[in-house]
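Structure data follow from work.csv (CSV, C-alpha atoms and all ligand atoms):
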chain,number,residue,atom,x,y,z
A,790,MET,CA,-34.1,-9.1,-11.4
A,791,THR,CA,-37.3,-10.5,-13.0
A,792,VAL,CA,-38.1,-14.1,-13.3
A,793,ILE,CA,-41.0,-15.2,-15.5
A,794,VAL,CA,-42.3,-18.7,-15.8
A,795,LEU,CA,-44.5,-20.1,-18.6
A,796,SER,CA,-47.1,-22.8,-18.0
A,797,GLY,CA,-49.5,-24.8,-20.1
A,798,PRO,CA,-50.2,-28.3,-21.4
A,799,VAL,CA,-48.3,-30.3,-23.9
A,800,GLY,CA,-48.0,-28.4,-27.2
A,801,ALA,CA,-49.3,-25.1,-25.8
A,802,GLY,CA,-46.3,-23.3,-27.2
A,803,LYS,CA,-44.3,-22.6,-24.0
A,804,SER,CA,-40.9,-23.1,-25.5
A,805,SER,CA,-41.7,-20.8,-28.5
A,806,LEU,CA,-43.1,-18.1,-26.3
A,807,THR,CA,-40.1,-18.4,-24.0
A,808,ALA,CA,-37.8,-17.8,-26.9
A,809,ILE,CA,-39.8,-14.8,-28.2
A,810,LEU,CA,-40.3,-13.3,-24.8
A,811,SER,CA,-36.8,-13.6,-23.6
A,812,LYS,CA,-35.5,-12.0,-26.8
A,813,TYR,CA,-38.1,-9.3,-26.5
A,814,LEU,CA,-37.1,-8.5,-22.9
A,815,GLY,CA,-33.4,-9.1,-23.5
A,816,THR,CA,-33.4,-11.8,-20.8
A,817,LYS,CA,-32.1,-15.4,-20.6
A,818,PRO,CA,-34.3,-18.3,-21.6
A,819,PHE,CA,-34.3,-21.6,-19.7
A,820,TYR,CA,-35.7,-24.7,-21.5
A,821,GLU,CA,-36.7,-28.1,-20.0
A,822,SER,CA,-35.0,-31.1,-21.4
A,823,VAL,CA,-37.4,-32.7,-24.0
A,824,ASP,CA,-35.7,-33.8,-27.2
A,825,ASP,CA,-32.6,-34.9,-25.4
A,826,ASN,CA,-34.6,-36.5,-22.6
A,827,PRO,CA,-33.8,-40.3,-22.7
A,828,VAL,CA,-36.7,-41.3,-20.5
A,829,LEU,CA,-39.5,-39.6,-22.5
A,830,PRO,CA,-39.8,-42.1,-25.4
A,831,LEU,CA,-39.6,-45.0,-22.9
A,832,PHE,CA,-42.4,-43.4,-20.9
A,833,TYR,CA,-44.7,-43.1,-23.9
A,834,LYS,CA,-44.0,-46.7,-24.9
A,835,ASP,CA,-44.6,-48.1,-21.4
A,836,PRO,CA,-46.1,-45.5,-19.0
A,837,LEU,CA,-46.7,-48.0,-16.2
A,838,LYS,CA,-43.1,-48.9,-16.0
A,839,TYR,CA,-41.5,-45.4,-16.6
A,840,THR,CA,-43.8,-42.9,-14.9
A,841,TYR,CA,-41.8,-42.7,-11.7
A,842,LEU,CA,-38.4,-42.5,-13.4
A,843,LEU,CA,-39.6,-39.8,-15.8
A,844,GLN,CA,-41.0,-37.7,-13.0
A,845,LEU,CA,-37.8,-38.0,-11.0
A,846,PHE,CA,-35.9,-37.0,-14.2
A,847,PHE,CA,-38.0,-33.9,-14.7
A,848,LEU,CA,-38.0,-32.9,-11.1
A,849,ASN,CA,-34.2,-33.2,-11.0
A,850,THR,CA,-33.5,-31.2,-14.2
A,851,ARG,CA,-36.1,-28.6,-13.2
A,852,PHE,CA,-34.5,-28.2,-9.8
A,853,HIS,CA,-31.1,-27.5,-11.5
A,854,SER,CA,-32.5,-24.8,-13.8
A,855,ILE,CA,-34.7,-23.2,-11.2
A,856,LYS,CA,-31.7,-22.8,-8.8
A,857,LYS,CA,-29.8,-21.1,-11.6
A,858,ALA,CA,-32.7,-18.9,-12.7
A,859,LEU,CA,-33.6,-17.8,-9.2
A,860,SER,CA,-30.1,-16.6,-8.3
A,861,ASP,CA,-29.1,-15.4,-11.7
A,862,ASP,CA,-30.2,-12.4,-13.8
A,863,ASN,CA,-33.5,-11.7,-15.5
A,864,ASN,CA,-34.9,-15.0,-16.8
A,865,VAL,CA,-37.7,-16.7,-18.6
A,866,LEU,CA,-38.4,-20.4,-17.8
A,867,ASP,CA,-40.4,-22.5,-20.2
A,868,ARG,CA,-42.1,-24.5,-17.4
A,869,SER,CA,-42.7,-24.2,-13.7
A,870,ILE,CA,-41.8,-26.7,-11.0
A,871,TYR,CA,-45.4,-26.3,-9.8
A,872,GLU,CA,-46.6,-28.2,-12.8
A,873,ASP,CA,-44.4,-31.2,-12.1
A,874,SER,CA,-46.7,-32.2,-9.3
A,875,LEU,CA,-49.7,-31.9,-11.6
A,876,PHE,CA,-48.1,-34.4,-14.1
A,877,PHE,CA,-47.1,-36.7,-11.3
A,878,HIS,CA,-50.6,-36.8,-9.6
A,879,MET,CA,-52.4,-37.1,-12.9
A,880,ASN,CA,-50.4,-40.2,-13.7
A,881,ALA,CA,-50.8,-41.5,-10.2
A,882,ASP,CA,-54.5,-41.0,-10.4
A,883,ILE,CA,-54.7,-43.3,-13.4
A,884,GLY,CA,-52.7,-46.0,-11.6
A,885,ARG,CA,-49.2,-45.3,-12.8
A,886,ALA,CA,-47.7,-44.8,-9.4
A,887,ASN,CA,-48.3,-46.7,-6.2
A,888,ASP,CA,-48.9,-45.1,-2.7
A,889,LEU,CA,-45.3,-45.4,-1.6
A,890,GLU,CA,-44.1,-43.7,-4.8
A,891,VAL,CA,-46.6,-40.9,-4.3
A,892,GLN,CA,-45.5,-40.5,-0.7
A,893,THR,CA,-41.8,-40.5,-1.6
A,894,TYR,CA,-42.3,-38.0,-4.5
A,895,GLU,CA,-44.3,-35.7,-2.2
A,896,GLU,CA,-41.5,-35.8,0.4
A,897,LEU,CA,-38.8,-35.1,-2.2
A,898,LEU,CA,-40.7,-32.2,-3.7
A,899,GLU,CA,-41.3,-30.7,-0.3
A,900,ASN,CA,-37.6,-31.0,0.5
A,901,MET,CA,-36.7,-29.3,-2.8
A,902,MET,CA,-39.2,-26.5,-2.2
A,903,LYS,CA,-37.7,-25.9,1.2
A,904,GLU,CA,-34.3,-25.6,-0.5
A,905,LEU,CA,-35.7,-23.0,-2.9
A,906,GLU,CA,-37.0,-21.0,0.0
A,907,ARG,CA,-33.3,-20.2,0.7
A,908,MET,CA,-32.7,-18.7,-2.8
A,909,PRO,CA,-32.3,-15.0,-3.2
A,910,LYS,CA,-35.7,-15.1,-4.9
A,911,ARG,CA,-38.2,-17.7,-3.7
A,912,HIS,CA,-40.8,-17.6,-6.4
A,913,PRO,CA,-41.2,-16.2,-9.9
A,914,ASP,CA,-42.4,-12.7,-10.4
A,915,LEU,CA,-45.0,-13.6,-13.0
A,916,LEU,CA,-46.6,-16.8,-14.3
A,917,VAL,CA,-47.8,-16.6,-17.9
A,918,HIS,CA,-50.2,-19.5,-18.6
A,919,ILE,CA,-51.0,-20.5,-22.2
A,920,ASN,CA,-54.6,-21.8,-22.3
A,921,VAL,CA,-55.5,-24.0,-25.2
A,922,SER,CA,-58.4,-26.1,-26.2
A,923,TYR,CA,-58.1,-29.8,-27.0
A,924,GLU,CA,-58.3,-29.1,-30.8
A,925,THR,CA,-55.5,-26.5,-30.7
A,926,MET,CA,-53.4,-28.8,-28.5
A,927,ILE,CA,-53.7,-31.7,-31.0
A,928,ARG,CA,-53.0,-29.4,-34.0
A,929,ARG,CA,-49.8,-28.2,-32.4
A,930,ILE,CA,-48.7,-31.7,-31.3
A,931,GLN,CA,-49.2,-32.9,-34.8
A,932,LYS,CA,-47.3,-29.9,-36.3
A,933,ARG,CA,-44.4,-30.4,-33.9
A,934,GLY,CA,-44.3,-34.1,-34.9
A,935,ARG,CA,-42.7,-35.9,-31.9
A,936,SER,CA,-43.7,-39.4,-32.9
A,937,TYR,CA,-44.4,-40.7,-29.4
A,938,GLU,CA,-46.8,-37.9,-28.6
A,939,GLN,CA,-49.2,-38.6,-31.6
A,940,LEU,CA,-52.6,-40.2,-31.2
A,941,SER,CA,-51.6,-42.6,-33.9
A,942,PHE,CA,-48.8,-43.9,-31.7
A,943,ASP,CA,-51.2,-44.6,-28.8
A,944,PRO,CA,-55.0,-43.8,-29.1
A,945,THR,CA,-55.4,-43.7,-25.3
A,946,LEU,CA,-53.4,-40.4,-25.5
A,947,GLU,CA,-56.7,-38.7,-26.4
A,948,ASP,CA,-58.0,-39.4,-22.8
A,949,TYR,CA,-54.7,-38.5,-21.4
A,950,TYR,CA,-54.6,-35.1,-23.1
A,951,LYS,CA,-58.2,-34.3,-22.2
A,952,ARG,CA,-57.6,-35.2,-18.6
A,953,MET,CA,-54.5,-33.0,-18.7
A,954,LEU,CA,-56.6,-30.0,-19.8
A,955,ARG,CA,-59.0,-30.6,-16.9
A,956,TYR,CA,-56.2,-30.8,-14.4
A,957,TYR,CA,-54.7,-27.6,-15.7
A,958,GLU,CA,-57.9,-25.7,-15.3
A,959,LYS,CA,-58.0,-26.3,-11.6
A,960,TRP,CA,-54.2,-26.0,-11.3
A,961,TYR,CA,-54.3,-22.5,-12.8
A,962,ASP,CA,-57.2,-21.4,-10.6
A,963,ASP,CA,-55.4,-22.6,-7.4
A,964,TYR,CA,-52.0,-21.2,-8.4
A,965,ASP,CA,-51.0,-18.4,-5.9
A,966,TYR,CA,-47.2,-18.4,-5.7
A,967,SER,CA,-47.0,-15.2,-7.8
A,968,PRO,CA,-49.1,-12.8,-9.9
A,969,LYS,CA,-50.4,-14.7,-12.9
A,970,MET,CA,-52.0,-14.1,-16.3
A,971,MET,CA,-53.5,-16.2,-19.0
A,972,ILE,CA,-52.8,-16.0,-22.7
A,973,ASP,CA,-55.6,-17.2,-25.0
A,974,GLY,CA,-53.6,-19.8,-27.1
A,975,ASP,CA,-56.6,-20.6,-29.3
A,976,HIS,CA,-57.1,-17.0,-30.3
A,977,TYR,CA,-53.4,-15.9,-30.6
A,978,ASP,CA,-51.0,-17.7,-32.8
A,979,PHE,CA,-47.8,-16.0,-31.6
A,980,MET,CA,-45.6,-18.4,-33.6
A,981,ALA,CA,-47.2,-17.7,-37.0
A,982,SER,CA,-48.6,-14.2,-36.8
A,983,GLU,CA,-46.6,-11.1,-36.2
A,984,SER,CA,-49.7,-9.1,-35.1
A,985,ASP,CA,-50.7,-11.8,-32.7
A,986,ARG,CA,-47.1,-11.8,-31.4
A,987,THR,CA,-47.3,-8.1,-30.9
A,988,GLU,CA,-50.6,-8.4,-29.0
A,989,VAL,CA,-49.4,-11.1,-26.7
A,990,LEU,CA,-46.1,-9.4,-25.9
A,991,ASP,CA,-48.0,-6.2,-25.2
A,992,GLN,CA,-50.3,-8.1,-22.8
A,993,ILE,CA,-47.3,-9.5,-20.9
A,994,THR,CA,-45.6,-6.1,-20.8
A,995,GLN,CA,-48.7,-4.4,-19.4
A,996,LYS,CA,-48.9,-7.1,-16.7
A,997,LEU,CA,-45.2,-6.7,-15.8
A,998,LYS,CA,-45.7,-3.0,-15.5
A,999,GLN,CA,-48.8,-3.5,-13.4
A,1000,VAL,CA,-46.9,-5.7,-10.9
A,1001,GLY,CA,-43.8,-3.4,-11.0
A,1002,LYS,CA,-41.5,-6.1,-12.6
A,1003,LEU,CA,-40.8,-4.8,-16.1
A,1004,PRO,CA,-36.9,-5.3,-16.2
A,1005,LYS,CA,-35.1,-2.1,-15.5
A,1006,ASN,CA,-33.8,-0.2,-18.5
A,1007,TRP,CA,-36.1,-2.1,-20.8
A,1008,GLN,CA,-37.7,-0.2,-23.6
A,1009,ALA,CA,-39.6,-1.1,-26.7
A,1010,GLY,CA,-36.6,-0.3,-28.8
A,1011,GLU,CA,-34.8,-2.0,-31.7
A,1012,ILE,CA,-34.1,-5.3,-30.0
A,1013,ALA,CA,-37.7,-5.7,-29.0
A,1014,ARG,CA,-38.9,-4.8,-32.5
A,1015,LYS,CA,-36.6,-7.5,-34.0
A,1016,ALA,CA,-38.0,-10.1,-31.6
A,1017,ILE,CA,-41.5,-9.4,-32.9
A,1018,GLU,CA,-40.4,-9.4,-36.5
A,1019,ILE,CA,-38.4,-12.6,-36.4
A,1020,GLY,CA,-40.3,-14.6,-33.8
A,1021,GLN,CA,-38.5,-17.4,-32.2
B,1,LIG,N1,-43.4,-33.5,-15.1
B,1,LIG,C1,-43.4,-33.2,-16.4
B,1,LIG,N2,-43.0,-32.0,-16.8
B,1,LIG,C2,-42.9,-31.7,-18.1
B,1,LIG,N3,-43.2,-32.5,-19.1
B,1,LIG,C3,-43.6,-33.7,-18.7
B,1,LIG,C4,-43.7,-34.1,-17.4
B,1,LIG,N4,-44.2,-35.4,-17.4
B,1,LIG,C5,-44.3,-35.7,-18.6
B,1,LIG,N5,-44.0,-34.8,-19.5
B,1,LIG,C6,-44.0,-34.8,-21.0
B,1,LIG,O1,-42.9,-34.1,-21.5
B,1,LIG,C7,-43.1,-33.7,-22.8
B,1,LIG,C8,-42.8,-32.2,-23.0
B,1,LIG,O2,-43.8,-31.4,-22.5
B,1,LIG,P1,-44.3,-30.2,-23.4
B,1,LIG,O3,-44.8,-30.6,-24.7
B,1,LIG,O4,-45.3,-29.5,-22.5
B,1,LIG,O5,-43.0,-29.3,-23.5
B,1,LIG,P2,-42.7,-28.3,-24.6
B,1,LIG,O6,-42.2,-29.0,-25.8
B,1,LIG,O7,-41.8,-27.3,-24.0
B,1,LIG,O8,-44.1,-27.7,-24.8
B,1,LIG,P3,-44.6,-26.5,-25.7
B,1,LIG,O9,-45.2,-27.0,-26.9
B,1,LIG,O10,-45.7,-25.8,-24.8
B,1,LIG,O11,-43.5,-25.6,-25.9
B,1,LIG,C9,-44.6,-34.0,-23.1
B,1,LIG,O12,-44.6,-35.1,-23.9
B,1,LIG,C10,-45.1,-34.3,-21.7
B,1,LIG,O13,-46.2,-35.2,-21.7
Transcribe the structure of this file into structure tokens.
Amino acid sequence: MTVIVLSGPVGAGKSSLTAILSKYLGTKPFYESVDDNPVLPLFYKDPLKYTYLLQLFFLNTRFHSIKKALSDDNNVLDRSIYEDSLFFHMNADIGRANDLEVQTYEELLENMMKELERMPKRHPDLLVHINVSYETMIRRIQKRGRSYEQLSFDPTLEDYYKRMLRYYEKWYDDYDYSPKMMIDGDHYDFMASESDRTEVLDQITQKLKQVGKLPKNWQAGEIARKAIEIGQ
């Protein structure tokens, strides 16, 4: 059983790469709840009021999917639980959560992580991080077009997104729950370009081989070729 998690800031392309990679490897994709998330639009409208609720919502849904993924078959998850704390602390640092909320969140997360220790598999086998610059991030956010994520909706989002990129740099450096690798999301457009897609999938396959986690029986056959041709 091989569990891969994707990581990266808003708009990095995690969901797209999850779709492509899971098709390529013939494994199951797990997506976080975004477009059907009832709290997300409320949060962007009034972050001060909804930060805590949103973070609890994400933590809860993530916990559900992780429990499934870690006891199931081969899987690819489009975001790791380890990033939830990044989002929470980033928002707390700009005054959107009080000390008691921070403490309660920390305790809840610790409790959940202890539960996960009991799973057949405790951590993912590989973290694939998509690194993007601010310019790429904004371009993709615009292209995707969720209204509440646009700078035109709230100009202070520029600072928020730039801060997020800084937090992610440290977060990735510190991450040590599993082997990890970084994809250059500025250089490779795995959504639009077939050759970029081939290159990125090749990099991931090499890394999986290196850590001895390429799913058993997988070979670069017809299914894998189709995933490259079609994309997500
Ligand atoms: N704890 C959290 N975990 C995930 N997303 C969060 C969290 N807190 C806030 N968000 C918000 O949820 C939304 C979804 O995140 P994101 O855009 O990274 O997901 P995605 O659509 O899967 O991304 P990608 O473009 O990389 O596929 C963003 O607007 C983000 O700001």
Selected residue, from A:His918, A:Arg911, A:Lys817, A:Lys1005, that lies nearest to A:Asp962 when counting all atoms listed in the file:
A:His918
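Here the question is which of A:Arg952, A:Arg929, A:Leu940, A:Lys1002 gets nearest to A:Asp978 using all atoms listed in the file, and that residue is A:Arg929.
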Which residue gives the smallest distance to A:Pro944 among A:Val891, A:Leu898, A:Gly815, A:Tyr833, with only C-alpha atoms counted?
A:Tyr833
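Distance check against A:Ser854 using only C-alpha atoms: of A:Leu905, A:Leu837, A:Met970, A:Ala886, the minimum falls on A:Leu905.
With only C-alpha atoms as the atoms that count, the residue of A:Val792, A:Ser941, A:Gly934, A:Leu915 with the shortest distance to A:Gln995 is A:Leu915.
The shortest atom-to-atom distance to A:Tyr964, with only C-alpha atoms taken into account, belongs to A:Leu916 out of A:Val989, A:Met901, A:Val921, A:Leu916.
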Given 9 Å and all atoms listed in the file, residues near ligand LIG 1 (chain B) as a ChimeraX atom specification
/A:795-807,820-824,826,829-830,832-833,840,843-848,851,867-870,872-877,880,919,926,929-930,933,935,937-938,950
Protein/DNA/RNA residues near (-40.5, -2.0, -20.2), cut 9 Å, only C-alpha atoms, as a VMD selection string
chain A and resid 814 994 to 995 997 to 998 1002 to 1009
Would you list the contacts of A:Ala1016 as number ranges by chain, taking every protein, DNA or RNA residue within 7 Å and counting all atoms listed in the file, but skipping same-chain residues closer than 5 positions in sequence?
A: 809, 812-813
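Atom pair atom CA of A:Met971 / atom CA of A:Glu904: separated by 28.3 Å.
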Atomic separation - atom CA of A:His976 relative to atom CA of A:Asn920, Å:
9.7 Å
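Atom CA of A:Lys996 sits 20.8 Å away from atom CA of A:Phe819.
Omitting A:Met902 and its sequence neighbours fewer than 4 positions away, and counting all atoms listed in the file, the residues within 10 Å are Phe852, Ile870, Tyr871, Glu896, Leu897, Leu898, Glu906, Arg907, Arg911 and His912 of chain A.
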List as a VMD selection string the protein and nucleic acid residues near A:Phe979, meaning an atom at most 10 Å away when all atoms listed in the file are counted, but skip any in the same chain fewer than 2 places from it.
chain A and resid 802 805 to 806 809 974 976 to 977 981 to 990 1017 1020 to 1021
Selected residues, C-alpha atoms, written as an mmCIF file, keeping the file's coordinate frame, please.
data_model
loop_
_atom_site.group_PDB
_atom_site.id
_atom_site.type_symbol
_atom_site.label_atom_id
_atom_site.label_comp_id
_atom_site.auth_asym_id
_atom_site.auth_seq_id
_atom_site.Cartn_x
_atom_site.Cartn_y
_atom_site.Cartn_z
ATOM 1 C CA GLY A 802 -46.300 -23.300 -27.200
ATOM 2 C CA SER A 805 -41.700 -20.800 -28.500
ATOM 3 C CA LEU A 806 -43.100 -18.100 -26.300
ATOM 4 C CA ILE A 809 -39.800 -14.800 -28.200
ATOM 5 C CA GLY A 974 -53.600 -19.800 -27.100
ATOM 6 C CA HIS A 976 -57.100 -17.000 -30.300
ATOM 7 C CA TYR A 977 -53.400 -15.900 -30.600
ATOM 8 C CA ALA A 981 -47.200 -17.700 -37.000
ATOM 9 C CA SER A 982 -48.600 -14.200 -36.800
ATOM 10 C CA GLU A 983 -46.600 -11.100 -36.200
ATOM 11 C CA SER A 984 -49.700 -9.100 -35.100
ATOM 12 C CA ASP A 985 -50.700 -11.800 -32.700
ATOM 13 C CA ARG A 986 -47.100 -11.800 -31.400
ATOM 14 C CA THR A 987 -47.300 -8.100 -30.900
ATOM 15 C CA GLU A 988 -50.600 -8.400 -29.000
ATOM 16 C CA VAL A 989 -49.400 -11.100 -26.700
ATOM 17 C CA LEU A 990 -46.100 -9.400 -25.900
ATOM 18 C CA ILE A 1017 -41.500 -9.400 -32.900
ATOM 19 C CA GLY A 1020 -40.300 -14.600 -33.800
ATOM 20 C CA GLN A 1021 -38.500 -17.400 -32.200
#
